[in-house]
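Here's the structure, in C-alpha cells; my notes come after.
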Amino acid sequence: MVPDAEFRSYYGRPVLREPTWQATDIAGYLFLGGLAGASSVLAAGAELTNRPALAMTGKLGALVAISGSTAALIHDLGRPARFANMLRVMKPTSPMSVGSWILATYGPQAGLAAVTALSGRFRGLGRLATFGAGAVGPAVAAYTSVLLADTSVPSWHAGFRELPFVFVGSAATAAGGLGMIGAPVAQAGPARRAAILGAALDVVASKRMERGMGLAAEPLRTGTAGKLLRAAEILSVTGAVVGGVLGRRSRMAAVLGGAAALAGSACTRFGIFHAGVASARDPKYTVVPQRERLRERESTAG
Amino acid sequence: MPFDPTDLLAADDPPHSGGYADDSPRFGFFTDTSVCIGCKACEVACKEWNHVPDDGLDFTGMSYDNTGGLSANTWRHVAFIEQSRPAEPIDLGMPEFTRPGDRGDGEHSEFRWLMSSDVCKHCTHAACLDVCPTGALFRTEFGTVVVQEDICNGCGYCVPACPYGVIGQREDDGRAWKCTLCYDRIGSGMEPACAQACPTDSIQFGELDELRRRADARLADLHSRGVGDARLYGRDEGDGVGGTGAFFLLLDEPEVYGLPPDPEVTTKDLPAMWRHAGAAALTLLAGLAVTFLGKRG
C-alpha cells in the first residue's frame, strides 16, 4: 500500500538537489549504451552462425551508438576537457568509475570489430574484437542501472533490484529492433526473437519494480515520465509483435517493428530518467518513505 | 594484502580509516540551533573567506530566508521558520532584560522562531565521496570531505548522490562545490569562518569527540528545563550515514528545517546492486544466445 502522504517540509522545497544531468545527454546515453552493448552480443552470435548482414548491422550499430553515447557523456561534463580524469582512478564504490573502465574496455573492441568488418582487412583480429565486444557488451548495458540506482533519488534508488533487468530488457529490444531494420528477413531471426524477449523482460521487470517501490513508484506513472513509460510499453510491445512476428514474412513489417522497438527502448530510458528527476524535486518522495522507515524501526524496537 | 572492495564501504572511522595517522583527530561542527538568532553572519563570513560567488537575490517569501538552500554557491544557509506555538525562552547570553519569547509576566508568547544554520554534514559514510569517479572528492586528515577543484571534471554524480542535497554544480564553471570546513583555515589552526563569525556560539567548531560531549550535555540541560522538542541530528553513529561530522541540535523534526528525517548513504546497497546488475548482464547474454538456437531464419 502507498503510505499516507501527509508530511512536513521546509516551505515545500526539495530535500535533495535534482540531478544536473541533461536528459538528452544522460537518458540518451542510457539508450545508446544499451543499444551498443546488446548489438555487440547479437553481432558476435551472428558471426558465429554465419549471418554476415546481421553481424555487420550489429557491429556498425554498436560503433555508432557507443561513439554517440561517449560524446553525450563528455558533452554533459561541466569540464569536458577533463574527461580523461574519468580514468585517473579505479574506484569500485563509484558506478561511474566502474562504467568508465567498462567503456574503455568495450569501446576499442567495438570500434575494431566495426572497422575491420567494413574494410575487410585484419579479419582474424576483427573476429577476436567481435567476440570481445560481445562479452563486455552486457556489462555496458547493465551497469547504467547501477549508475542511476546508487543515488539518493527516490525513484532511481527504490527499484535497484529490478532496474538492471528493465535496462537489459530495453537494451535487447533496441538491438533487436536495429537488427530487424538492418538485416534481411532471412538472417534477422535472432533479432526478432531478441526484440520479443527484450520487450517481455522490460515490461515484466518494470511492473515488478513498480510494485516494490512504494511511494517512489508514483513518479513513474505521472507527468512526463508517466507519458513516456506508457509510450514505451506500447511501442516495445508493438515492435515485438509487428517486427518479431509479422516481420518474419514482410520486410516492411520488420522495418516498422524495428523502428517501434528502438523508439520504445528510448522511451523507457527517458521515462525512468524523468521519473527520477521528478522524485528529487518533490520533498514528499524523500520525507514520507523515510518517516515510514523510522516508524517501522521504532515499532520493532519496542 | 588482498583487496576487498567492501573495506571501502565499511570504513567508519574517519580520518583513520582514510589512511591517516591514529593521532589525527576528527574535526567537525556542532550547530546548536536553540541559540541561533538568524543574523546570517555565518553566510556572509563563508562567502567572504571562501570567495563564493553570489547566488542571485530572489524574493522567496519564505520568512527572512531569501537564500533558499545550500548549493554550489551557498555553503552556509540559515533557515527561518515562523511557528504559532509558545517558545521556550532560551538564554542567549546576550545583554538584554528579557529573553526571546519571554513576556516577563511568567507567560510565553504564542509565537516562536526556528532558525538554523545548515551546512555540509561531512558524513562518516559520504555518498559524494563514494561515487566521485575522478577522486576529486577526498577525505582530509581532519576527517572532512573536500572537492579538489583542479581535479573535478563536473560529471555531476555527487549532486544526486548526496542524501542532504548539499553539493551542487556551479553553472558557469561546471565543477562541483561545497563547504570545505575551511580546509585552509583549520590547517593553520584557525576556526572555520562561519564558526569564527557566529556571535552566539550557535556554530561550534572543534574535535568531534569533544563536540559530541558538549552536545549531549546541552541536550540534557534543555530537556531538564522542559524543552522536550530538543533533539540531536547527525549525532548517532548508528544512523544511515554513520553519523555526521557536522551535526545539529534541532527544536523540531528535521524535515521542518529541510533536512531528511532518516538519511542513508545508498552505497551501502552497492554490493547488492552490482549482484543484481551482474545477474541481469548474464540474463542478457544467455537470452541473446538463446535467440540463435531457433531454426534458421
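Note on naming: chains are A, B, ... as they come in the C-alpha cells, residues start from 1 per chain, ligands start from 1 in the order shown.
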Just want the 8 Å neighbourhood of Gly78 in chain A, counted on only C-alpha atoms, with same-chain residues fewer than 6 positions away dropped. Output as a short mmCIF file (atom, residue, chain, number, x, y, z; two decimals) with C-alpha atoms, in the first residue's frame.
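What landed in part07.cif:
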```cif
data_model
loop_
_atom_site.label_atom_id
_atom_site.label_comp_id
_atom_site.auth_asym_id
_atom_site.auth_seq_id
_atom_site.Cartn_x
_atom_site.Cartn_y
_atom_site.Cartn_z
CA ASN B 153 35.52 17.38 -14.23
CA GLY B 154 31.96 18.33 -13.44
CA CYS B 155 30.36 14.92 -14.02
CA GLY B 156 27.68 15.91 -11.50
CA GLN B 169 27.39 22.21 -9.68
CA GLU B 171 26.75 26.68 -13.78
CA ASP B 173 32.24 26.97 -14.04
CA GLY B 174 30.92 23.44 -14.44
CA ARG B 175 32.54 21.99 -11.33
#
```
Write out as a list of chain:residue names all residues of range 137-263 of chain B that DSSP puts in strand (DSSP E or B) for this structure's backbone.
->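 Secondary structure check on range 137-263 of chain B, strand (DSSP E or B): B:Leu137, B:Phe138, B:Arg139, B:Val145, B:Val146, B:Val147, B:Gly168, B:Gln169, B:Ala176, B:Trp177, B:Ile203, B:Gln204, B:Phe205, B:Gly206, B:Glu207, B:Arg231, B:Leu232, B:Tyr233, B:Gly240, B:Thr244, B:Ala246, B:Phe247, B:Phe248, B:Leu249, B:Leu250.
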ask   = How far is it from CA of Gly168 in chain B to CA of Asp32 in chain B, in Å with one decimal?
value =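 Calculated distance between CA of Gly168 in chain B and CA of Asp32 in chain B is 24.9 Å.
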- request: Could you please write out, as number ranges by chain, every residue of range 54-147 of chain A that DSSP assigns to alpha helix (DSSP H)?
  value: A: 54-76, 95-119, 123-147
| task | Just need the residues of chain B within 6 Å of chain A, counting only C-alpha atoms, so spit them out as a PyMOL selection string. | result | chain B and resi 130-131+133-134+153-155+160-161+163-165+174-175+255-258+262+266+276-277+280-281+291-292+297
What would the file look like if the residues just selected were written as a PDB file, in the first residue's frame with C-alpha atoms?
```pdb
ATOM      1  CA  ASP B 130      31.958   7.208  -2.664  1.00  0.00           C
ATOM      2  CA  VAL B 131      30.544   7.935  -6.119  1.00  0.00           C
ATOM      3  CA  PRO B 133      34.702   8.839 -10.362  1.00  0.00           C
ATOM      4  CA  THR B 134      37.801  11.040 -10.573  1.00  0.00           C
ATOM      5  CA  ASN B 153      35.525  17.376 -14.234  1.00  0.00           C
ATOM      6  CA  GLY B 154      31.960  18.329 -13.436  1.00  0.00           C
ATOM      7  CA  CYS B 155      30.359  14.918 -14.018  1.00  0.00           C
ATOM      8  CA  PRO B 160      22.063  13.385  -6.767  1.00  0.00           C
ATOM      9  CA  ALA B 161      24.160  11.083  -4.564  1.00  0.00           C
ATOM     10  CA  PRO B 163      21.178  12.433   0.742  1.00  0.00           C
ATOM     11  CA  TYR B 164      21.032  16.008   2.103  1.00  0.00           C
ATOM     12  CA  GLY B 165      21.033  17.949  -1.192  1.00  0.00           C
ATOM     13  CA  GLY B 174      30.918  23.441 -14.444  1.00  0.00           C
ATOM     14  CA  ARG B 175      32.540  21.994 -11.335  1.00  0.00           C
ATOM     15  CA  GLU B 255      12.143  17.865   7.690  1.00  0.00           C
ATOM     16  CA  VAL B 256      10.802  21.158   9.087  1.00  0.00           C
ATOM     17  CA  TYR B 257      14.310  22.544   8.516  1.00  0.00           C
ATOM     18  CA  GLY B 258      14.536  20.894   5.083  1.00  0.00           C
ATOM     19  CA  ASP B 262      16.354   9.320   8.028  1.00  0.00           C
ATOM     20  CA  THR B 266      23.000   4.500  -0.928  1.00  0.00           C
ATOM     21  CA  HIS B 276      21.634  -7.693  -9.460  1.00  0.00           C
ATOM     22  CA  ALA B 277      23.302  -5.933 -12.389  1.00  0.00           C
ATOM     23  CA  ALA B 280      20.922  -9.011 -15.408  1.00  0.00           C
ATOM     24  CA  ALA B 281      24.029  -8.912 -17.632  1.00  0.00           C
ATOM     25  CA  THR B 291      17.824 -16.347 -29.904  1.00  0.00           C
ATOM     26  CA  PHE B 292      20.402 -18.109 -32.083  1.00  0.00           C
ATOM     27  CA  GLY B 297      15.701 -17.718 -40.469  1.00  0.00           C
TER      28      GLY B 297
END
```
Which distance in Å separates CA of Glu264 in chain B and CA of Asp282 in chain A, to one decimal?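 For CA of Glu264 in chain B relative to CA of Asp282 in chain A, the distance reads 17.7 Å.
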Item to check | Spatial neighbours of Asp150 in chain B, 8 Å, only C-alpha atoms, chain gap at least 2 places, as number ranges by chain | outcome: B: 136, 148, 152
Exercise for review: Using only C-alpha atoms, determine which residues lie at most 7 Å from range 210-225 of chain A, disregarding the query and same-chain residues fewer than 4 positions distant; provide the list as a ChimeraX atom specification.
Suggested key: /A:1-3,154-155,158-159,206,229,271-272,274-275,278-279,285
For range 137-141 of chain B: contacts at 6 Å, only C-alpha atoms, fewer than 4 positions along chain excluded, given as number ranges by chain: B: 15, 20, 129, 145-147
Between B:Gly135, B:Pro14, B:His51, B:Phe248, smallest distance to Lys121 in chain B by only C-alpha atoms belongs to B:Phe248
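If you measure from each of A:Gly264, A:Ser299, A:Ile102, A:Glu47 to Gly124 in chain A using only C-alpha atoms, the closest one turns out to be A:Glu47.
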- Query: With only C-alpha atoms as the atoms that count, which of B:Arg112, B:Lys178, B:Arg235, B:Arg212 lies nearest to Leu251 in chain B?
  - Reply: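 When distances to Leu251 in chain B are compared using only C-alpha atoms, the smallest one comes from B:Arg112.
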